[in-house]
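**Student:** Got model_18.tsv for you, TSV, C-alpha atoms and all ligand atoms:
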chain	number	residue	atom	x	y	z
A	14	MET	CA	-49.27	-1.57	-7.56
A	15	LEU	CA	-46.39	-4.03	-7.71
A	16	VAL	CA	-45.31	-3.61	-11.30
A	17	GLN	CA	-43.99	-0.10	-11.72
A	18	GLN	CA	-43.41	1.84	-14.89
A	19	LEU	CA	-40.53	4.28	-14.71
A	20	SER	CA	-39.04	6.64	-17.23
A	21	ARG	CA	-36.30	9.16	-17.72
A	22	VAL	CA	-36.38	12.10	-20.08
A	23	LEU	CA	-33.03	12.78	-21.76
A	24	SER	CA	-32.32	16.48	-22.01
A	25	GLU	CA	-28.79	16.07	-23.34
A	26	ALA	CA	-26.58	13.35	-24.79
A	27	PRO	CA	-25.92	10.83	-21.98
A	28	THR	CA	-22.47	10.76	-20.41
A	29	ILE	CA	-20.92	7.30	-20.19
A	30	LEU	CA	-18.64	6.87	-17.19
A	31	PRO	CA	-16.25	3.98	-17.88
A	32	CYS	CA	-15.65	1.26	-15.28
A	33	VAL	CA	-12.06	0.22	-14.75
A	34	GLY	CA	-11.43	-3.27	-16.16
A	35	ILE	CA	-14.87	-3.60	-17.75
A	36	ASN	CA	-15.46	-3.78	-21.48
A	37	VAL	CA	-18.87	-3.67	-23.10
A	38	ARG	CA	-19.65	-5.26	-26.43
A	39	HIS	CA	-22.79	-6.31	-28.25
A	40	TYR	CA	-24.14	-9.81	-28.76
A	41	LYS	CA	-21.74	-11.76	-30.92
A	42	ASP	CA	-22.71	-15.41	-31.32
A	43	ASP	CA	-24.36	-18.52	-29.86
A	44	GLY	CA	-21.78	-18.71	-27.07
A	45	ASP	CA	-23.28	-15.54	-25.60
A	46	VAL	CA	-26.67	-17.19	-25.08
A	47	GLU	CA	-25.52	-19.68	-22.45
A	48	ARG	CA	-23.52	-17.03	-20.59
A	49	TRP	CA	-26.39	-14.55	-20.70
A	50	VAL	CA	-28.89	-17.11	-19.32
A	51	GLU	CA	-26.47	-17.96	-16.51
A	52	LEU	CA	-26.02	-14.26	-15.68
A	53	ILE	CA	-29.75	-13.48	-15.64
A	54	ASN	CA	-30.61	-16.47	-13.43
A	55	LEU	CA	-27.79	-15.62	-11.04
A	56	ALA	CA	-28.63	-11.92	-10.87
A	57	PHE	CA	-32.34	-12.39	-10.23
A	58	ARG	CA	-32.25	-15.52	-8.08
A	59	ASN	CA	-32.73	-13.70	-4.77
A	60	GLY	CA	-35.31	-11.24	-6.05
A	61	LYS	CA	-38.55	-11.04	-4.13
A	62	PRO	CA	-40.70	-11.82	-5.93
A	63	ALA	CA	-38.43	-14.27	-7.77
A	64	MET	CA	-38.28	-14.00	-11.52
A	65	ARG	CA	-38.92	-17.18	-13.47
A	66	CYS	CA	-35.81	-19.07	-14.54
A	67	TRP	CA	-34.64	-18.29	-18.06
A	68	THR	CA	-33.47	-20.97	-20.49
A	69	GLU	CA	-31.60	-20.80	-23.79
A	70	PRO	CA	-34.80	-21.53	-25.78
A	71	ASP	CA	-36.45	-18.63	-23.90
A	72	PHE	CA	-33.69	-16.32	-25.09
A	73	ARG	CA	-34.14	-17.41	-28.69
A	74	GLN	CA	-37.96	-17.25	-28.59
A	75	ARG	CA	-38.46	-14.14	-26.44
A	76	ILE	CA	-35.50	-12.01	-27.40
A	77	MET	CA	-34.00	-13.11	-30.71
A	78	ALA	CA	-37.35	-13.82	-32.36
A	79	HIS	CA	-38.67	-10.37	-31.45
A	80	PRO	CA	-39.15	-8.12	-34.52
A	81	ASP	CA	-36.89	-5.46	-32.95
A	82	TRP	CA	-34.04	-7.87	-32.28
A	83	THR	CA	-30.62	-6.86	-33.44
A	84	PRO	CA	-27.31	-7.80	-31.81
A	85	TRP	CA	-26.70	-4.06	-31.36
A	86	ASN	CA	-29.52	-3.87	-28.82
A	87	LEU	CA	-27.96	-6.32	-26.36
A	88	PHE	CA	-25.12	-4.85	-24.28
A	89	LEU	CA	-22.77	-7.30	-22.57
A	90	ALA	CA	-20.23	-6.17	-19.95
A	91	HIS	CA	-17.15	-8.35	-19.44
A	92	ASN	CA	-14.39	-8.18	-16.85
A	93	LYS	CA	-10.69	-8.63	-17.59
A	94	HIS	CA	-11.12	-12.43	-17.28
A	95	HIS	CA	-13.70	-12.29	-20.12
A	96	GLN	CA	-16.44	-13.22	-17.67
A	97	LEU	CA	-19.87	-11.81	-18.43
A	98	VAL	CA	-20.68	-9.59	-15.44
A	99	GLY	CA	-23.59	-7.46	-16.63
A	100	SER	CA	-26.14	-7.00	-19.35
A	101	VAL	CA	-29.00	-4.84	-20.52
A	102	SER	CA	-31.25	-5.02	-23.53
A	103	LEU	CA	-32.83	-2.19	-25.53
A	104	VAL	CA	-36.33	-3.04	-26.75
A	105	PHE	CA	-39.14	-0.94	-28.19
A	106	ARG	CA	-42.58	-0.77	-26.59
A	107	GLN	CA	-45.42	0.14	-28.91
A	108	SER	CA	-47.79	2.87	-27.79
A	109	PRO	CA	-50.40	5.08	-29.51
A	110	ASP	CA	-47.78	7.81	-30.00
A	111	GLY	CA	-45.25	5.44	-31.50
A	112	PRO	CA	-42.46	3.19	-30.23
A	113	HIS	CA	-40.74	3.98	-26.93
A	114	PRO	CA	-37.22	2.73	-26.29
A	115	ALA	CA	-37.29	0.57	-23.17
A	116	LEU	CA	-34.63	-0.73	-20.86
A	117	HIS	CA	-35.11	-4.48	-20.41
A	118	LEU	CA	-33.49	-7.18	-18.29
A	119	LEU	CA	-30.80	-5.14	-16.60
A	120	ALA	CA	-28.61	-7.47	-14.53
A	121	VAL	CA	-25.22	-7.40	-12.84
A	122	ARG	CA	-23.56	-10.41	-11.21
A	123	PRO	CA	-23.86	-10.22	-7.40
A	124	ASP	CA	-20.08	-10.26	-6.97
A	125	ALA	CA	-19.63	-7.35	-9.38
A	126	ARG	CA	-22.16	-4.91	-7.93
A	127	ARG	CA	-21.60	-1.32	-6.77
A	128	LEU	CA	-18.79	-0.85	-9.27
A	129	GLY	CA	-20.83	1.32	-11.62
A	130	ILE	CA	-21.44	-1.43	-14.19
A	131	ALA	CA	-25.22	-0.93	-14.36
A	132	ARG	CA	-24.76	2.84	-14.50
A	133	MET	CA	-22.42	2.42	-17.47
A	134	LEU	CA	-24.71	-0.07	-19.26
A	135	VAL	CA	-27.74	2.17	-18.82
A	136	ALA	CA	-25.84	5.21	-20.10
A	137	MET	CA	-24.77	3.20	-23.16
A	138	LEU	CA	-28.35	2.12	-23.83
A	139	GLU	CA	-29.56	5.72	-23.38
A	140	SER	CA	-26.83	6.93	-25.70
A	141	ALA	CA	-27.88	4.42	-28.37
A	142	ALA	CA	-31.49	5.63	-28.06
A	143	TRP	CA	-30.38	9.28	-28.12
A	144	GLN	CA	-28.40	8.74	-31.32
A	145	ARG	CA	-31.54	7.30	-32.94
A	146	GLY	CA	-33.46	10.45	-32.00
A	147	TYR	CA	-35.31	9.24	-28.90
A	148	ARG	CA	-35.53	11.46	-25.83
A	149	GLU	CA	-37.26	9.26	-23.27
A	150	ILE	CA	-36.47	5.79	-21.94
A	151	VAL	CA	-39.13	3.67	-20.23
A	152	LEU	CA	-38.91	0.51	-18.17
A	153	GLU	CA	-40.91	-1.81	-16.00
A	154	THR	CA	-39.71	-2.99	-12.64
A	155	HIS	CA	-41.17	-4.56	-9.53
A	156	ALA	CA	-41.77	-2.60	-6.35
A	157	GLY	CA	-40.30	-5.51	-4.39
A	158	TRP	CA	-36.92	-5.33	-6.13
A	159	LYS	CA	-35.34	-2.90	-3.70
A	160	GLU	CA	-31.85	-2.82	-5.24
A	161	ALA	CA	-33.39	-2.00	-8.59
A	162	ALA	CA	-35.52	0.77	-7.05
A	163	GLN	CA	-32.47	2.34	-5.43
A	164	PHE	CA	-30.45	2.03	-8.59
A	165	TYR	CA	-33.11	3.57	-10.86
A	166	ALA	CA	-33.66	6.46	-8.43
A	167	ALA	CA	-29.90	7.08	-8.38
A	168	VAL	CA	-29.71	7.29	-12.18
A	169	GLY	CA	-32.75	9.53	-12.59
A	170	TYR	CA	-35.71	7.27	-13.35
A	171	GLN	CA	-39.09	8.29	-11.96
A	172	LEU	CA	-42.56	6.80	-11.75
A	173	ARG	CA	-44.45	7.27	-14.97
A	174	ALA	CA	-48.18	7.26	-15.70
A	175	PRO	CA	-49.03	3.77	-17.05
A	176	THR	CA	-49.70	4.70	-20.68
A	177	MET	CA	-47.44	2.14	-22.43
B	1	LIG	C1	-29.95	-3.18	-9.82
B	1	LIG	C2	-28.56	-3.64	-10.32
B	1	LIG	C3	-28.63	-3.87	-11.84
B	1	LIG	C4	-27.54	-2.51	-9.99
B	1	LIG	O1	-26.28	-2.88	-10.54
B	1	LIG	P1	-24.88	-2.25	-10.05
B	1	LIG	O2	-23.89	-2.46	-11.12
B	1	LIG	O3	-24.56	-2.77	-8.70
B	1	LIG	O4	-25.24	-0.69	-9.91
B	1	LIG	P2	-24.19	0.51	-9.95
B	1	LIG	O5	-22.91	0.07	-9.29
B	1	LIG	O6	-24.08	1.06	-11.33
B	1	LIG	O7	-24.93	1.55	-9.00
B	1	LIG	C5	-25.11	2.93	-9.35
B	1	LIG	C6	-25.78	3.62	-8.18
B	1	LIG	O8	-27.09	3.06	-7.94
B	1	LIG	C7	-27.35	3.01	-6.52
B	1	LIG	N1	-27.43	1.61	-6.08
B	1	LIG	C8	-27.18	0.50	-6.82
B	1	LIG	N2	-27.39	-0.61	-6.09
B	1	LIG	C9	-27.78	-0.18	-4.87
B	1	LIG	C10	-28.12	-0.87	-3.65
B	1	LIG	N3	-28.11	-2.21	-3.56
B	1	LIG	N4	-28.46	-0.11	-2.56
B	1	LIG	C11	-28.46	1.25	-2.62
B	1	LIG	N5	-28.14	1.94	-3.76
B	1	LIG	C12	-27.81	1.23	-4.85
B	1	LIG	C13	-26.16	3.71	-5.84
B	1	LIG	O9	-26.47	5.10	-5.78
B	1	LIG	C14	-25.05	3.46	-6.84
B	1	LIG	O10	-24.00	4.40	-6.76
B	1	LIG	P3	-22.84	4.22	-5.63
B	1	LIG	O11	-22.41	2.76	-5.68
B	1	LIG	O12	-21.77	5.16	-6.08
B	1	LIG	O13	-23.50	4.57	-4.33
B	1	LIG	C15	-28.09	-4.94	-9.60
B	1	LIG	O14	-28.24	-4.77	-8.19
B	1	LIG	C16	-28.85	-6.19	-10.03
B	1	LIG	O15	-28.48	-6.84	-10.99
B	1	LIG	N6	-29.94	-6.52	-9.30
B	1	LIG	C17	-30.72	-7.72	-9.59
B	1	LIG	C18	-31.44	-7.64	-10.92
B	1	LIG	C19	-32.40	-6.46	-10.99
B	1	LIG	O16	-33.10	-6.12	-10.05
B	1	LIG	N7	-32.43	-5.82	-12.19
B	1	LIG	C20	-33.34	-4.73	-12.49
B	1	LIG	C21	-34.66	-5.30	-12.83
B	1	LIG	S1	-35.84	-4.09	-13.35
Show this structure as structure tokens.
Ligand SMILES: CC(C)(COP(=O)(O)OP(=O)(O)OC[C@H]1O[C@@H](n2cnc3c(N)ncnc32)[C@H](O)[C@@H]1OP(=O)(O)O)[C@@H](O)C(=O)NCCC(=O)NCCS
**Tutor:**
Amino acid sequence: MLVQQLSRVLSEAPTILPCVGINVRHYKDDGDVERWVELINLAFRNGKPAMRCWTEPDFRQRIMAHPDWTPWNLFLAHNKHHQLVGSVSLVFRQSPDGPHPALHLLAVRPDARRLGIARMLVAMLESAAWQRGYREIVLETHAGWKEAAQFYAAVGYQLRAPTM
């Protein structure tokens, strides 16, 4: 199966390891939309299979118009030059046993990889979910996205039965 569902059970409050020179903030204003679209298209452009290109209207219709949308759920990592270098979004997947916090659209610029930025973003997302009382994070990825597979294995995500 090409689309894979992974999850991680949180047994304790996540530890956030800071990255030198990287600051994370939440979505602030319209200016973030253009930068986010550029980041996502750059990060996923060599994925096999390729992800469709995102546009600013996509962001507004598929992310901001979602009932769960709040600026607090979009994490944006910036370097010391104020360049957006990474992002992840916390969404909620509905299931028969209630909503599950899900990690969505994790991306790091190619020239900023292997610095621990994704690890930090994921820990921040997990921490936000933990503080709201959730103890499991789910996500969907693609078996062909090898970097993602290696990353998720490194930070403790495992294949999950497809019950979402
Ligand atoms: C997957 C991705 C988000 C990882 O971002 P990153 O900031 O480079 O990851 P980190 O630096 O936090 O890596 C943490 C650990 O994950 C593992 N890891 C990450 N990328 C890896 C790679 N390409 N090969 C092997 N291991 C990798 C390593 O164990 C790494 O620790 P180390 O560098 O100390 O060895 C990034 O490669 C990316 O944006 N890929 C394209 C978009 C994508 O696939 N997103 C996920 C879609 S579901």
**Student:** Give the residue list for ligand LIG 1 (chain B) at 8 Å, counting all atoms listed in the file, as a ChimeraX atom specification, sorted by chain and then by residue number.
**Tutor:** /A:53,56-57,59-60,99,117-123,125-133,152-155,158-168
**Student:** I need the residues from that last selection saved to file as a short mmCIF file (atom, residue, chain, number, x, y, z; two decimals), in the frame of the given file (with C-alpha atoms), if you can.
**Tutor:**
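Below you can see result_21.cif, which holds the result:
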data_model
loop_
_atom_site.label_atom_id
_atom_site.label_comp_id
_atom_site.auth_asym_id
_atom_site.auth_seq_id
_atom_site.Cartn_x
_atom_site.Cartn_y
_atom_site.Cartn_z
CA ILE A 53 -29.75 -13.48 -15.64
CA ALA A 56 -28.63 -11.92 -10.87
CA PHE A 57 -32.34 -12.39 -10.23
CA ASN A 59 -32.73 -13.70 -4.77
CA GLY A 60 -35.31 -11.24 -6.05
CA GLY A 99 -23.59 -7.46 -16.63
CA HIS A 117 -35.11 -4.48 -20.41
CA LEU A 118 -33.49 -7.18 -18.29
CA LEU A 119 -30.80 -5.14 -16.60
CA ALA A 120 -28.61 -7.47 -14.53
CA VAL A 121 -25.22 -7.40 -12.84
CA ARG A 122 -23.56 -10.41 -11.21
CA PRO A 123 -23.86 -10.22 -7.40
CA ALA A 125 -19.63 -7.35 -9.38
CA ARG A 126 -22.16 -4.91 -7.93
CA ARG A 127 -21.60 -1.32 -6.77
CA LEU A 128 -18.79 -0.85 -9.27
CA GLY A 129 -20.83 1.32 -11.62
CA ILE A 130 -21.44 -1.43 -14.19
CA ALA A 131 -25.22 -0.93 -14.36
CA ARG A 132 -24.76 2.84 -14.50
CA MET A 133 -22.42 2.42 -17.47
CA LEU A 152 -38.91 0.51 -18.17
CA GLU A 153 -40.91 -1.81 -16.00
CA THR A 154 -39.71 -2.99 -12.64
CA HIS A 155 -41.17 -4.56 -9.53
CA TRP A 158 -36.92 -5.33 -6.13
CA LYS A 159 -35.34 -2.90 -3.70
CA GLU A 160 -31.85 -2.82 -5.24
CA ALA A 161 -33.39 -2.00 -8.59
CA ALA A 162 -35.52 0.77 -7.05
CA GLN A 163 -32.47 2.34 -5.43
CA PHE A 164 -30.45 2.03 -8.59
CA TYR A 165 -33.11 3.57 -10.86
CA ALA A 166 -33.66 6.46 -8.43
CA ALA A 167 -29.90 7.08 -8.38
CA VAL A 168 -29.71 7.29 -12.18
#
**Student:** Between A:Arg21, A:Val151, A:Ala63, A:Asp43, which has the minimum distance to Ser108 (chain A) (counting only C-alpha atoms)?
**Tutor:**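 Using only C-alpha atoms, Ser108 (chain A) sits closest to A:Val151.
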**Student:** Could you check the closest approach to Ile150 (chain A) for each of A:Val50, A:Val22, A:Ala174, A:Leu15 and tell me which residue wins, using all atoms listed in the file?
**Tutor:**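 So, comparing all the options, the nearest one is A:Val22.
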**Student:** Around (-25.2, -16.6, -20.7) in the file's own coordinates, what residues are found within 10 Å if you use only C-alpha atoms, given back as a PyMOL selection string?
**Tutor:** chain A and resi 43-54+67-69+72+89+96-98+100
**Student:** Identify the residues within 7 Å of coordinate (-42.9, -10.2, -1.1) (same frame as the file), considering all atoms listed in the file, and give the answer as a VMD selection string.
**Tutor:** chain A and resid 61 to 62 157
**Student:** Could you save those same residues with C-alpha atoms as an mmCIF file, in the coordinates of the input?
**Tutor:**
data_model
loop_
_atom_site.group_PDB
_atom_site.id
_atom_site.type_symbol
_atom_site.label_atom_id
_atom_site.label_comp_id
_atom_site.auth_asym_id
_atom_site.auth_seq_id
_atom_site.Cartn_x
_atom_site.Cartn_y
_atom_site.Cartn_z
ATOM 1 C CA LYS A 61 -38.550 -11.040 -4.130
ATOM 2 C CA PRO A 62 -40.700 -11.820 -5.930
ATOM 3 C CA GLY A 157 -40.300 -5.510 -4.390
#
**Student:** Could you check the closest approach to Lys41 (chain A) for each of A:Ala26, A:Ala141, A:Leu87, A:Val101 and tell me which residue wins, using only C-alpha atoms?
**Tutor:**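 Under the stated criterion, the closest residue is A:Leu87.
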**Student:** Considering all atoms listed in the file, can you say which of A:Arg65, A:Arg73, A:His91, A:His79 comes closest to Val37 (chain A)?
**Tutor:**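 Among the listed residues, A:His91 lies closest to Val37 (chain A).
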**Student:** Tell me, in Å to one decimal, how far CA of Trp82 (chain A) is from CA of Val104 (chain A).
**Tutor:**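 Pair CA of Trp82 (chain A) / CA of Val104 (chain A) returns 7.7 Å.
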**Student:** Report the distance between CA of Pro109 (chain A) and CA of Thr83 (chain A) in Å, rounded to one decimal place.
**Tutor:**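 These atoms are spaced 23.4 Å apart.
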**Student:** Which residue out of A:Gln18, A:Val33, A:Arg173, A:Pro112 has the minimum interatomic distance to Arg145 (chain A) when all atoms listed in the file are used?
**Tutor:** A:Pro112
**Student:** What is the CA of Glu25 (chain A) to CA of Trp143 (chain A) distance in Å?
**Tutor:**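 Here the two named atoms are 8.5 Å from each other.
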**Student:** Could you add the missing atoms to region 132-147 of chain A, up to N, CA and C atoms, and return them as a PDB file, in the coordinates of the input?
**Tutor:**
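Below is the file that was written, rebuild.pdb:
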ATOM      1  N   ARG A 132     -24.720   1.424 -14.095  1.00  0.00           N
ATOM      2  CA  ARG A 132     -24.760   2.840 -14.500  1.00  0.00           C
ATOM      3  C   ARG A 132     -24.172   3.002 -15.904  1.00  0.00           C
ATOM      4  N   MET A 133     -23.060   2.320 -16.155  1.00  0.00           N
ATOM      5  CA  MET A 133     -22.420   2.420 -17.470  1.00  0.00           C
ATOM      6  C   MET A 133     -23.306   1.780 -18.554  1.00  0.00           C
ATOM      7  N   LEU A 134     -23.866   0.603 -18.263  1.00  0.00           N
ATOM      8  CA  LEU A 134     -24.710  -0.070 -19.260  1.00  0.00           C
ATOM      9  C   LEU A 134     -25.933   0.775 -19.605  1.00  0.00           C
ATOM     10  N   VAL A 135     -26.543   1.354 -18.573  1.00  0.00           N
ATOM     11  CA  VAL A 135     -27.740   2.170 -18.820  1.00  0.00           C
ATOM     12  C   VAL A 135     -27.384   3.409 -19.634  1.00  0.00           C
ATOM     13  N   ALA A 136     -26.254   4.025 -19.324  1.00  0.00           N
ATOM     14  CA  ALA A 136     -25.840   5.210 -20.100  1.00  0.00           C
ATOM     15  C   ALA A 136     -25.566   4.817 -21.554  1.00  0.00           C
ATOM     16  N   MET A 137     -25.023   3.633 -21.779  1.00  0.00           N
ATOM     17  CA  MET A 137     -24.770   3.200 -23.160  1.00  0.00           C
ATOM     18  C   MET A 137     -26.085   2.969 -23.906  1.00  0.00           C
ATOM     19  N   LEU A 138     -27.032   2.342 -23.207  1.00  0.00           N
ATOM     20  CA  LEU A 138     -28.350   2.120 -23.830  1.00  0.00           C
ATOM     21  C   LEU A 138     -29.004   3.475 -24.129  1.00  0.00           C
ATOM     22  N   GLU A 139     -28.954   4.392 -23.169  1.00  0.00           N
ATOM     23  CA  GLU A 139     -29.560   5.720 -23.380  1.00  0.00           C
ATOM     24  C   GLU A 139     -28.873   6.433 -24.544  1.00  0.00           C
ATOM     25  N   SER A 140     -27.568   6.277 -24.627  1.00  0.00           N
ATOM     26  CA  SER A 140     -26.830   6.930 -25.700  1.00  0.00           C
ATOM     27  C   SER A 140     -27.248   6.374 -27.070  1.00  0.00           C
ATOM     28  N   ALA A 141     -27.442   5.048 -27.115  1.00  0.00           N
ATOM     29  CA  ALA A 141     -27.880   4.420 -28.370  1.00  0.00           C
ATOM     30  C   ALA A 141     -29.261   4.958 -28.763  1.00  0.00           C
ATOM     31  N   ALA A 142     -30.144   5.098 -27.775  1.00  0.00           N
ATOM     32  CA  ALA A 142     -31.490   5.630 -28.060  1.00  0.00           C
ATOM     33  C   ALA A 142     -31.388   7.098 -28.489  1.00  0.00           C
ATOM     34  N   TRP A 143     -30.555   7.861 -27.795  1.00  0.00           N
ATOM     35  CA  TRP A 143     -30.380   9.280 -28.120  1.00  0.00           C
ATOM     36  C   TRP A 143     -29.911   9.449 -29.564  1.00  0.00           C
ATOM     37  N   GLN A 144     -28.942   8.622 -29.957  1.00  0.00           N
ATOM     38  CA  GLN A 144     -28.400   8.740 -31.320  1.00  0.00           C
ATOM     39  C   GLN A 144     -29.449   8.399 -32.377  1.00  0.00           C
ATOM     40  N   ARG A 145     -30.464   7.611 -31.981  1.00  0.00           N
ATOM     41  CA  ARG A 145     -31.540   7.300 -32.940  1.00  0.00           C
ATOM     42  C   ARG A 145     -32.670   8.328 -32.847  1.00  0.00           C
ATOM     43  N   GLY A 146     -32.477   9.364 -32.046  1.00  0.00           N
ATOM     44  CA  GLY A 146     -33.460  10.450 -32.000  1.00  0.00           C
ATOM     45  C   GLY A 146     -34.476  10.361 -30.885  1.00  0.00           C
ATOM     46  N   TYR A 147     -34.355   9.362 -30.008  1.00  0.00           N
ATOM     47  CA  TYR A 147     -35.310   9.240 -28.900  1.00  0.00           C
ATOM     48  C   TYR A 147     -34.857  10.071 -27.713  1.00  0.00           C
TER      49      TYR A 147
END
